[in-house]
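Structure first, then comments.
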Protein chains: 2
Amino acid sequence: MSVTDPKGFRAAGVTAGLKPSGKPDVALVVNDGPSYAAAAVFTLNRCKANPVLWSETAVKDGTVKAVVLNSGGANCYTGPAGFQNTHASAELVAEKLGIGAIDVVVCSTGLIGEQLHTEKLLNGIAESADKLATTGGQDAATAIMTTDTVSKQSTYVGEGWSIGGMAKGAGMLAPSLATMLVVITTDADVDPVTVDLALRAATKQTFDRLDSDGCMSTNDTVLLMASGASGVKPPYDAFAQAVKEVCHGLAQQLMSDAEGSDHDIAIEVVHAASEDDAVEVGRSIARNNLFKCAVFGKDPNWGRILAAVGTTNAAFDPATLDVAFNGVWICKNGEPGESRDKVDLTDREVTVTVDLKAGNETATIWTNDLTHAYVHENSAYST
Amino acid sequence: MSVTDPKGFRAAGVTAGLKPSGKPDVALVVNDGPSYAAAAVFTLNRCKANPVLWSETAVKDGTVKAVVLNSGGANCYTGPAGFQNTHASAELVAEKLGIGAIDVVVCSTGLIGEQLHTEKLLNGIAESADKLATTGGQDAATAIMTTDTVSKQSTYVGEGWSIGGMAKGAGMLAPSLATMLVVITTDADVDPVTVDLALRAATKQTFDRLDSDGCMSTNDTVLLMASGASGVKPPYDAFAQAVKEVCHGLAQQLMSDAEGSDHDIAIEVVHAASEDDAVEVGRSIARNNLFKCAVFGKDPNWGRILAAVGTTNAAFDPATLDVAFNGVWICKNGEPGESRDKVDLTDREVTVTVDLKAGNETATIWTNDLTHAYVHENSAYST
């Protein structure tokens, strides 16, 4: 159940001392081949962190041999000195493994606007290279955590091949992508184009539809590396479906561990004129603070949902909208429907369904409620 | 200091019993002429409340003789029965005043999705018509309050003419407009076209730039009525500037009374390539929950500001962005600048300045922080 489950991968996680807490903060995942196909998707934020600027170039040729991640600082808005830290990280990994630095992806996460301690960082990277093991997946998953309360991992086992994944992320969770670092490994024998296609298709319907708090990060990276070590070439559809399953599993774990959340909310938009309409409506609801507070208060406040729907450009008639909480249609045709007393929002899982009655497309956006704990955690994070 | 300060207006506020609290909940403002020029702007939300649907038609000819407002329910998503309540309200005001119903604007505010009690509503309207007085402005301002902790009023005194305004709104404050009901009166002798132009210009730079919590209401209405009773025809520029001042004063009062807020935040975006760019950037920051939590925690977290700027399409170079809190430039050229220890966020008033270095346009968006009290108030509102 880790990134070292698929054949051909080693990993490690160590404590470099970047975090005041003394918890593990540097991880390394290495693809030992025989092939090195890879693809990645990155944050769409225009203010990108230094490791993102580096890694976008590193993955361009479809070959990645290692990824080094640190969780003691985002290395974002740290200027040329920050870029030097990223570059030195890649160079050191390359030197230790006897590969080229341009085949090393770098990820960072943590506070924005503060320089990483170069010496501690590089010592940690050297140590992680020395500790690489085919059983190191769990250590790596632990070392990338920030405000996460649990490590996130997901696997898929095919016929003779497999996929392993790890993720971190507990705040600033919004598209695109959801805010996080994700490393996925597979021993399937697939080429870079297949890896890229499958990864983009998967993230589009999983991480991109997670919108915990509407805040887009500067460091988001999802990397998929294929070693080919199983010798199995799965059909594209099977491979793409498996990648999507692993991404979905990780996305759900991110949502369930979102900072200070009390509820996991699935917003299903049905009978939309287009998938884009469904996503726009779902996202508008997911970002509505009044709706999110209402769910925290176990209040099925459908008026706030319709107010959010009304801010979109999606095709719908306000007089025919239906809204359900957990299957109870408390709004029918834009008016009160079934009794709100039938709705019980005690459980962590909540499903909101909005019927636009405008077509046959559907999409689900996943979000969390807005709670006292969210405010507390995010008003005290950097101080 | 009320809507009855300008000559030619009477007003009243009474308790109709729509609110469980027993507080005043029906207000009436009447223009006694000699002229009846009027204009209004309404919410852009596509899910509009019944009174908005009615009033959009009522103001179309540029003539309004009275506005009746209730604060015991939004009359939104209440279907044909709800529209009947709006229509009956206008009819009753018309009958009592001997005018046409089509010259009566109706506004409602309160909970969405619940029917108003017709008998109580109409009795309250009849009583308010009986109590109309040239000193009734304060009563009217009090009767439109919902979660407001204070009534909001603003005036402007010109040479021989004046403007008076009242507003309600304490949550769901976002464009466009900011969420609220506003009635502005003037005894200037101005025609409907002038009233419309001046009102639209004023709201664009005041209420439309207030974004307390990103949530757009279904009932927003800003109405300006001119009686001509002063006999003074002010020049357009002077009139427009005065209307803007009154709108600005009311908008600032709305922000200061926003539900559960600890800080009033002015986000100034300077050196933008266009005014639209400046507004887009300011709004993106104003809607970033992580930034809003940081201000609540008195934490000048500029990294969250840059992350919000990075989600926009505005013209800027991430490597040259500057950010100041209260005039301390803690981010220069996308890197740490002056010491964050110099920033003191103890006061309620906070100014954030973002220098895009892309042009000569500027805009200010006003918002609030995200606090425990906001979560509490909005998770408990309807239950």
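FYI, nothing fancy with the structure tokens labels: chains A, B, ... in order, residues from 1 per chain, ligands from 1 as they appear.
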
| message | If DSSP is run on the backbone, what residues of region 192-247 of chain B are alpha helix (DSSP H)? A reply as a VMD selection string would be ideal. | response | chain B and resid 192 to 205 236 to 247

What are the coordinates of chain A as a short mmCIF file (atom, residue, chain, number, x, y, z; two decimals) with C-alpha atoms, in the first residue's frame following a least-squares fit to chain B on all in-order C-alpha atoms?
```cif
data_model
loop_
_atom_site.label_atom_id
_atom_site.label_comp_id
_atom_site.auth_asym_id
_atom_site.auth_seq_id
_atom_site.Cartn_x
_atom_site.Cartn_y
_atom_site.Cartn_z
CA MET A 1 -29.55 62.07 9.06
CA SER A 2 -32.26 59.94 7.40
CA VAL A 3 -34.34 59.39 4.29
CA THR A 4 -36.81 62.02 5.53
CA ASP A 5 -34.16 64.76 5.74
CA PRO A 6 -34.69 65.80 2.10
CA LYS A 7 -37.92 67.72 1.52
CA GLY A 8 -40.88 65.86 0.03
CA PHE A 9 -40.53 62.53 1.84
CA ARG A 10 -42.43 60.81 4.60
CA ALA A 11 -41.57 57.47 6.18
CA ALA A 12 -42.62 55.03 8.86
CA GLY A 13 -41.46 51.80 10.50
CA VAL A 14 -43.74 49.46 12.42
CA THR A 15 -43.89 46.02 14.00
CA ALA A 16 -46.04 43.71 11.93
CA GLY A 17 -45.12 40.55 13.83
CA LEU A 18 -43.25 38.86 10.96
CA LYS A 19 -40.15 38.50 13.13
CA PRO A 20 -40.27 36.07 16.05
CA SER A 21 -38.25 38.66 18.00
CA GLY A 22 -41.09 41.18 17.92
CA LYS A 23 -38.80 43.85 16.50
CA PRO A 24 -39.96 46.34 13.84
CA ASP A 25 -40.23 44.66 10.44
CA VAL A 26 -42.16 46.80 7.96
CA ALA A 27 -41.01 50.15 6.59
CA LEU A 28 -42.57 52.55 4.11
CA VAL A 29 -40.94 55.53 2.38
CA VAL A 30 -43.12 57.84 0.28
CA ASN A 31 -42.15 60.52 -2.20
CA ASP A 32 -44.73 63.35 -2.03
CA GLY A 33 -43.29 65.10 -5.05
CA PRO A 34 -43.70 67.42 -6.84
CA SER A 35 -41.63 65.12 -9.08
CA TYR A 36 -41.06 61.39 -8.89
CA ALA A 37 -37.87 60.61 -10.77
CA ALA A 38 -36.33 57.32 -9.67
CA ALA A 39 -33.88 54.61 -10.61
CA ALA A 40 -32.78 51.35 -9.03
CA VAL A 41 -30.13 48.70 -9.39
CA PHE A 42 -30.79 45.10 -8.45
CA THR A 43 -28.89 41.93 -7.70
CA LEU A 44 -27.31 40.18 -10.69
CA ASN A 45 -28.19 36.84 -9.12
CA ARG A 46 -30.27 34.83 -11.60
CA CYS A 47 -32.30 33.35 -8.75
CA LYS A 48 -34.14 36.55 -7.89
CA ALA A 49 -36.59 37.05 -5.06
CA ASN A 50 -40.22 37.87 -5.86
CA PRO A 51 -39.95 41.53 -4.78
CA VAL A 52 -37.01 41.98 -7.16
CA LEU A 53 -39.00 40.50 -10.04
CA TRP A 54 -41.80 42.97 -9.28
CA SER A 55 -39.65 46.01 -8.64
CA GLU A 56 -37.59 45.64 -11.81
CA THR A 57 -40.81 46.29 -13.69
CA ALA A 58 -41.98 49.03 -11.34
CA VAL A 59 -38.93 51.25 -11.85
CA LYS A 60 -38.72 50.78 -15.61
CA ASP A 61 -40.55 54.02 -16.46
CA GLY A 62 -38.33 56.13 -14.17
CA THR A 63 -41.17 56.94 -11.77
CA VAL A 64 -41.49 55.63 -8.21
CA LYS A 65 -43.80 57.15 -5.60
CA ALA A 66 -43.25 54.78 -2.68
CA VAL A 67 -41.16 51.85 -1.49
CA VAL A 68 -42.40 49.30 1.04
CA LEU A 69 -39.86 47.05 2.74
CA ASN A 70 -40.23 44.10 5.08
CA SER A 71 -37.46 42.46 7.08
CA GLY A 72 -39.26 39.36 8.30
CA GLY A 73 -38.51 37.14 5.31
CA ALA A 74 -36.82 37.35 1.90
CA ASN A 75 -39.89 36.13 -0.03
CA CYS A 76 -37.48 34.28 -2.28
CA TYR A 77 -38.09 30.79 -3.75
CA THR A 78 -41.64 31.03 -2.57
CA GLY A 79 -43.29 30.59 -5.96
CA PRO A 80 -46.57 32.11 -7.18
CA ALA A 81 -47.92 32.44 -3.62
CA GLY A 82 -44.85 34.50 -2.73
CA PHE A 83 -45.31 36.72 -5.78
CA GLN A 84 -48.91 37.27 -4.69
CA ASN A 85 -47.64 38.61 -1.35
CA THR A 86 -45.39 41.06 -3.16
CA HIS A 87 -48.17 42.14 -5.50
CA ALA A 88 -50.67 42.54 -2.64
CA SER A 89 -48.12 44.69 -0.76
CA ALA A 90 -47.82 47.07 -3.70
CA GLU A 91 -51.60 47.13 -4.21
CA LEU A 92 -52.26 47.98 -0.57
CA VAL A 93 -49.71 50.81 -0.52
CA ALA A 94 -51.22 52.16 -3.74
CA GLU A 95 -54.72 52.04 -2.29
CA LYS A 96 -53.72 53.75 0.94
CA LEU A 97 -51.85 56.53 -0.91
CA GLY A 98 -54.18 56.92 -3.88
CA ILE A 99 -51.47 56.08 -6.40
CA GLY A 100 -50.89 53.28 -8.93
CA ALA A 101 -49.40 49.98 -7.73
CA ILE A 102 -46.89 50.08 -10.59
CA ASP A 103 -45.29 53.11 -8.89
CA VAL A 104 -44.60 51.13 -5.72
CA VAL A 105 -41.27 49.35 -5.25
CA VAL A 106 -41.25 46.33 -2.91
CA CYS A 107 -38.22 45.00 -1.00
CA SER A 108 -37.92 42.00 1.30
CA THR A 109 -35.11 40.62 3.41
CA GLY A 110 -34.69 37.73 5.81
CA LEU A 111 -34.82 33.96 5.43
CA ILE A 112 -35.10 32.40 1.98
CA GLY A 113 -37.67 29.73 1.12
CA GLU A 114 -40.39 30.57 3.64
CA GLN A 115 -43.72 32.22 2.96
CA LEU A 116 -44.49 35.55 4.59
CA HIS A 117 -47.58 35.64 6.80
CA THR A 118 -49.89 37.55 4.45
CA GLU A 119 -52.29 38.93 7.03
CA LYS A 120 -49.57 40.18 9.36
CA LEU A 121 -47.70 41.70 6.42
CA LEU A 122 -50.70 43.60 5.07
CA ASN A 123 -51.79 44.78 8.52
CA GLY A 124 -48.27 46.10 9.05
CA ILE A 125 -48.27 47.89 5.72
CA ALA A 126 -51.63 49.52 6.49
CA GLU A 127 -50.34 50.64 9.88
CA SER A 128 -47.17 52.06 8.36
CA ALA A 129 -49.20 54.05 5.86
CA ASP A 130 -51.21 55.53 8.73
CA LYS A 131 -48.04 56.48 10.60
CA LEU A 132 -46.19 58.17 7.73
CA ALA A 133 -44.37 61.27 8.95
CA THR A 134 -41.70 63.67 7.77
CA THR A 135 -39.76 62.55 10.86
CA GLY A 136 -40.16 58.81 10.22
CA GLY A 137 -36.75 58.14 8.65
CA GLN A 138 -35.15 56.63 11.74
CA ASP A 139 -38.11 54.30 12.33
CA ALA A 140 -37.89 53.09 8.73
CA ALA A 141 -34.13 52.48 9.02
CA THR A 142 -34.71 50.42 12.16
CA ALA A 143 -37.51 48.37 10.63
CA ILE A 144 -35.36 47.03 7.77
CA MET A 145 -32.66 45.54 10.02
CA THR A 146 -32.11 41.76 10.16
CA THR A 147 -28.83 40.60 11.67
CA ASP A 148 -27.59 44.21 11.58
CA THR A 149 -26.52 45.39 15.02
CA VAL A 150 -27.02 49.06 14.17
CA SER A 151 -29.15 50.97 11.66
CA LYS A 152 -27.20 52.47 8.77
CA GLN A 153 -27.89 55.99 7.52
CA SER A 154 -25.97 58.60 5.58
CA THR A 155 -26.69 62.10 4.35
CA TYR A 156 -25.30 64.80 2.11
CA VAL A 157 -26.22 68.46 2.38
CA GLY A 158 -25.80 70.60 -0.74
CA GLU A 159 -26.67 74.22 -1.34
CA GLY A 160 -30.42 74.22 -0.87
CA TRP A 161 -30.79 70.49 -1.53
CA SER A 162 -29.83 67.27 0.19
CA ILE A 163 -29.63 63.50 0.03
CA GLY A 164 -30.61 60.98 2.69
CA GLY A 165 -29.98 57.24 2.67
CA MET A 166 -30.61 54.11 4.70
CA ALA A 167 -29.28 50.59 4.29
CA LYS A 168 -29.51 47.14 5.79
CA GLY A 169 -27.09 44.31 5.32
CA ALA A 170 -24.76 42.33 7.50
CA GLY A 171 -24.16 39.08 5.68
CA MET A 172 -24.25 37.66 2.13
CA LEU A 173 -22.33 40.80 1.30
CA ALA A 174 -20.89 40.56 -2.16
CA PRO A 175 -21.38 42.02 -5.53
CA SER A 176 -23.04 42.66 -7.52
CA LEU A 177 -24.29 44.43 -5.67
CA ALA A 178 -23.20 44.02 -2.14
CA THR A 179 -26.09 42.22 -0.50
CA MET A 180 -28.47 44.63 1.01
CA LEU A 181 -31.44 46.90 0.71
CA VAL A 182 -30.75 50.59 0.26
CA VAL A 183 -33.16 53.49 -0.12
CA ILE A 184 -31.79 56.89 -1.02
CA THR A 185 -33.88 60.05 -1.22
CA THR A 186 -33.13 63.51 -2.55
CA ASP A 187 -35.07 66.72 -2.95
CA ALA A 188 -32.89 67.78 -5.86
CA ASP A 189 -34.87 68.52 -9.01
CA VAL A 190 -33.39 65.90 -11.32
CA ASP A 191 -34.87 63.86 -14.14
CA PRO A 192 -35.00 60.04 -14.28
CA VAL A 193 -32.05 59.76 -16.67
CA THR A 194 -29.84 61.80 -14.34
CA VAL A 195 -30.97 59.73 -11.37
CA ASP A 196 -30.19 56.50 -13.21
CA LEU A 197 -26.76 57.62 -14.43
CA ALA A 198 -25.69 58.95 -11.05
CA LEU A 199 -26.91 55.88 -9.19
CA ARG A 200 -25.19 53.39 -11.51
CA ALA A 201 -21.93 55.33 -11.41
CA ALA A 202 -22.07 55.46 -7.62
CA THR A 203 -22.92 51.81 -6.98
CA LYS A 204 -20.23 50.66 -9.42
CA GLN A 205 -17.51 52.19 -7.23
CA THR A 206 -19.05 51.65 -3.80
CA PHE A 207 -21.46 48.78 -3.16
CA ASP A 208 -20.09 46.77 -6.10
CA ARG A 209 -16.63 46.91 -4.50
CA LEU A 210 -17.76 45.66 -1.14
CA ASP A 211 -17.17 41.92 -0.86
CA SER A 212 -17.58 40.89 2.74
CA ASP A 213 -18.01 37.15 2.25
CA GLY A 214 -18.21 36.45 -1.48
CA CYS A 215 -21.86 35.45 -1.27
CA MET A 216 -24.28 37.20 -3.62
CA SER A 217 -27.81 37.70 -2.36
CA THR A 218 -31.11 37.19 -4.16
CA ASN A 219 -32.78 40.39 -2.88
CA ASP A 220 -30.29 43.24 -3.37
CA THR A 221 -31.95 46.51 -4.23
CA VAL A 222 -30.65 50.08 -4.24
CA LEU A 223 -33.36 52.64 -4.94
CA LEU A 224 -32.88 56.37 -5.46
CA MET A 225 -35.97 58.61 -5.43
CA ALA A 226 -35.94 62.33 -6.23
CA SER A 227 -38.82 64.58 -5.12
CA GLY A 228 -37.67 67.85 -6.68
CA ALA A 229 -39.11 69.54 -3.56
CA SER A 230 -36.07 71.77 -3.07
CA GLY A 231 -36.55 73.36 -6.45
CA VAL A 232 -32.76 73.20 -6.92
CA LYS A 233 -31.23 71.64 -10.05
CA PRO A 234 -27.62 70.79 -9.08
CA PRO A 235 -25.05 70.30 -11.88
CA TYR A 236 -24.69 66.62 -12.85
CA ASP A 237 -21.16 66.24 -11.54
CA ALA A 238 -22.04 67.68 -8.14
CA PHE A 239 -25.14 65.51 -7.90
CA ALA A 240 -23.33 62.33 -8.98
CA GLN A 241 -20.49 62.99 -6.55
CA ALA A 242 -22.96 63.53 -3.70
CA VAL A 243 -24.81 60.28 -4.49
CA LYS A 244 -21.48 58.47 -4.53
CA GLU A 245 -20.53 59.95 -1.15
CA VAL A 246 -23.79 58.78 0.41
CA CYS A 247 -23.38 55.30 -1.13
CA HIS A 248 -19.80 55.13 0.10
CA GLY A 249 -20.87 56.10 3.61
CA LEU A 250 -23.53 53.39 3.67
CA ALA A 251 -21.16 50.78 2.18
CA GLN A 252 -18.59 51.48 4.89
CA GLN A 253 -21.26 51.07 7.56
CA LEU A 254 -22.30 47.75 6.04
CA MET A 255 -18.70 46.52 6.10
CA SER A 256 -18.15 47.63 9.69
CA ASP A 257 -21.24 45.72 10.82
CA ALA A 258 -20.57 42.58 8.77
CA GLU A 259 -21.50 39.42 10.61
CA GLY A 260 -18.85 38.33 13.06
CA SER A 261 -16.09 40.46 11.56
CA ASP A 262 -13.07 41.60 13.54
CA HIS A 263 -11.34 43.63 10.82
CA ASP A 264 -12.35 45.96 8.00
CA ILE A 265 -9.89 45.37 5.18
CA ALA A 266 -9.28 47.76 2.29
CA ILE A 267 -7.47 46.01 -0.56
CA GLU A 268 -5.85 48.63 -2.78
CA VAL A 269 -4.55 47.36 -6.09
CA VAL A 270 -2.25 49.90 -7.71
CA HIS A 271 -0.43 50.21 -11.03
CA ALA A 272 -2.81 47.82 -12.77
CA ALA A 273 -3.02 47.68 -16.55
CA SER A 274 -6.76 48.33 -16.33
CA GLU A 275 -9.40 49.12 -13.72
CA ASP A 276 -10.95 45.70 -14.44
CA ASP A 277 -7.62 44.03 -13.66
CA ALA A 278 -7.40 45.92 -10.38
CA VAL A 279 -10.93 44.88 -9.41
CA GLU A 280 -10.31 41.24 -10.38
CA VAL A 281 -7.14 41.07 -8.28
CA GLY A 282 -8.73 42.84 -5.32
CA ARG A 283 -11.77 40.58 -5.40
CA SER A 284 -9.67 37.43 -5.66
CA ILE A 285 -7.83 38.39 -2.48
CA ALA A 286 -11.06 39.44 -0.76
CA ARG A 287 -12.53 35.99 -1.39
CA ASN A 288 -9.53 33.98 -0.23
CA ASN A 289 -10.50 32.27 3.01
CA LEU A 290 -6.91 31.59 4.01
CA PHE A 291 -6.03 35.28 3.69
CA LYS A 292 -9.16 36.24 5.63
CA CYS A 293 -8.32 33.81 8.44
CA ALA A 294 -4.76 35.14 8.57
CA VAL A 295 -5.98 38.72 9.13
CA PHE A 296 -8.26 37.45 11.89
CA GLY A 297 -5.14 35.92 13.43
CA LYS A 298 -3.29 39.28 13.00
CA ASP A 299 -0.87 37.46 10.69
CA PRO A 300 0.44 39.50 7.69
CA ASN A 301 0.58 36.35 5.52
CA TRP A 302 1.56 37.85 2.16
CA GLY A 303 2.16 34.42 0.60
CA ARG A 304 -1.59 33.81 0.65
CA ILE A 305 -2.07 37.16 -1.10
CA LEU A 306 0.32 36.26 -3.91
CA ALA A 307 -1.33 32.86 -4.24
CA ALA A 308 -4.67 34.64 -4.69
CA VAL A 309 -3.22 37.11 -7.20
CA GLY A 310 -1.84 34.14 -9.14
CA THR A 311 -5.33 32.79 -9.81
CA THR A 312 -6.34 35.88 -11.81
CA ASN A 313 -5.97 36.79 -15.46
CA ALA A 314 -4.69 40.29 -14.68
CA ALA A 315 -1.50 41.56 -16.30
CA PHE A 316 1.48 41.17 -13.94
CA ASP A 317 4.86 39.49 -13.59
CA PRO A 318 5.05 37.22 -10.52
CA ALA A 319 8.70 38.16 -10.06
CA THR A 320 7.98 41.87 -9.60
CA LEU A 321 4.96 41.91 -7.27
CA ASP A 322 5.07 44.09 -4.13
CA VAL A 323 2.69 43.72 -1.18
CA ALA A 324 2.24 45.98 1.84
CA PHE A 325 0.23 45.63 5.04
CA ASN A 326 -0.59 49.06 6.49
CA GLY A 327 2.20 50.61 4.43
CA VAL A 328 4.92 48.12 5.38
CA TRP A 329 6.22 46.50 2.17
CA ILE A 330 6.80 42.98 3.47
CA CYS A 331 6.96 41.52 -0.04
CA LYS A 332 9.17 43.16 -2.66
CA ASN A 333 9.62 41.74 -6.17
CA GLY A 334 7.95 38.48 -5.17
CA GLU A 335 10.35 37.91 -2.29
CA PRO A 336 10.42 38.75 1.42
CA GLY A 337 10.89 42.53 1.87
CA GLU A 338 10.64 44.53 5.11
CA SER A 339 10.33 42.58 8.35
CA ARG A 340 6.87 41.28 9.08
CA ASP A 341 7.49 42.25 12.70
CA LYS A 342 6.90 45.87 11.67
CA VAL A 343 3.26 45.07 10.86
CA ASP A 344 0.66 45.57 13.59
CA LEU A 345 -2.80 44.21 12.78
CA THR A 346 -4.35 45.00 16.16
CA ASP A 347 -6.63 47.77 14.88
CA ARG A 348 -9.92 47.01 13.17
CA GLU A 349 -8.82 48.92 10.05
CA VAL A 350 -6.34 47.12 7.79
CA THR A 351 -5.03 48.28 4.43
CA VAL A 352 -3.43 45.82 2.03
CA THR A 353 -1.69 47.30 -1.00
CA VAL A 354 -0.72 45.22 -4.01
CA ASP A 355 1.51 46.84 -6.62
CA LEU A 356 1.10 45.04 -9.96
CA LYS A 357 3.62 47.30 -11.78
CA ALA A 358 1.68 46.83 -14.98
CA GLY A 359 0.06 50.21 -15.62
CA ASN A 360 -1.59 53.22 -14.03
CA GLU A 361 -5.03 52.07 -12.96
CA THR A 362 -6.18 51.43 -9.41
CA ALA A 363 -9.18 50.08 -7.49
CA THR A 364 -10.03 49.31 -3.89
CA ILE A 365 -12.11 46.36 -2.73
CA TRP A 366 -13.42 46.33 0.83
CA THR A 367 -13.80 43.10 2.75
CA ASN A 368 -13.76 41.56 6.22
CA ASP A 369 -11.81 38.85 7.96
CA LEU A 370 -13.09 35.31 8.49
CA THR A 371 -13.70 34.67 12.16
CA HIS A 372 -15.12 32.18 14.64
CA ALA A 373 -18.06 34.55 15.09
CA TYR A 374 -18.82 34.48 11.33
CA VAL A 375 -18.92 30.69 11.37
CA HIS A 376 -21.06 30.69 14.49
CA GLU A 377 -23.57 33.23 13.25
CA ASN A 378 -23.97 31.58 9.86
CA SER A 379 -24.17 28.02 11.09
CA ALA A 380 -26.91 28.91 13.55
CA TYR A 381 -28.91 31.51 11.61
CA SER A 382 -31.90 29.48 10.43
CA THR A 383 -32.08 26.96 13.25
#
```

| message | For the structure I just gave you, how does DSSP split region 79-209 of chain B - specifically, which residues are strand (DSSP E)? Reply as JSON, numbers by chain. | response | {"B": [104, 105, 106, 107, 108, 152, 153, 154, 155, 156, 157, 162, 163, 164, 165, 166, 167, 168, 181, 182, 183, 184, 185, 186]}
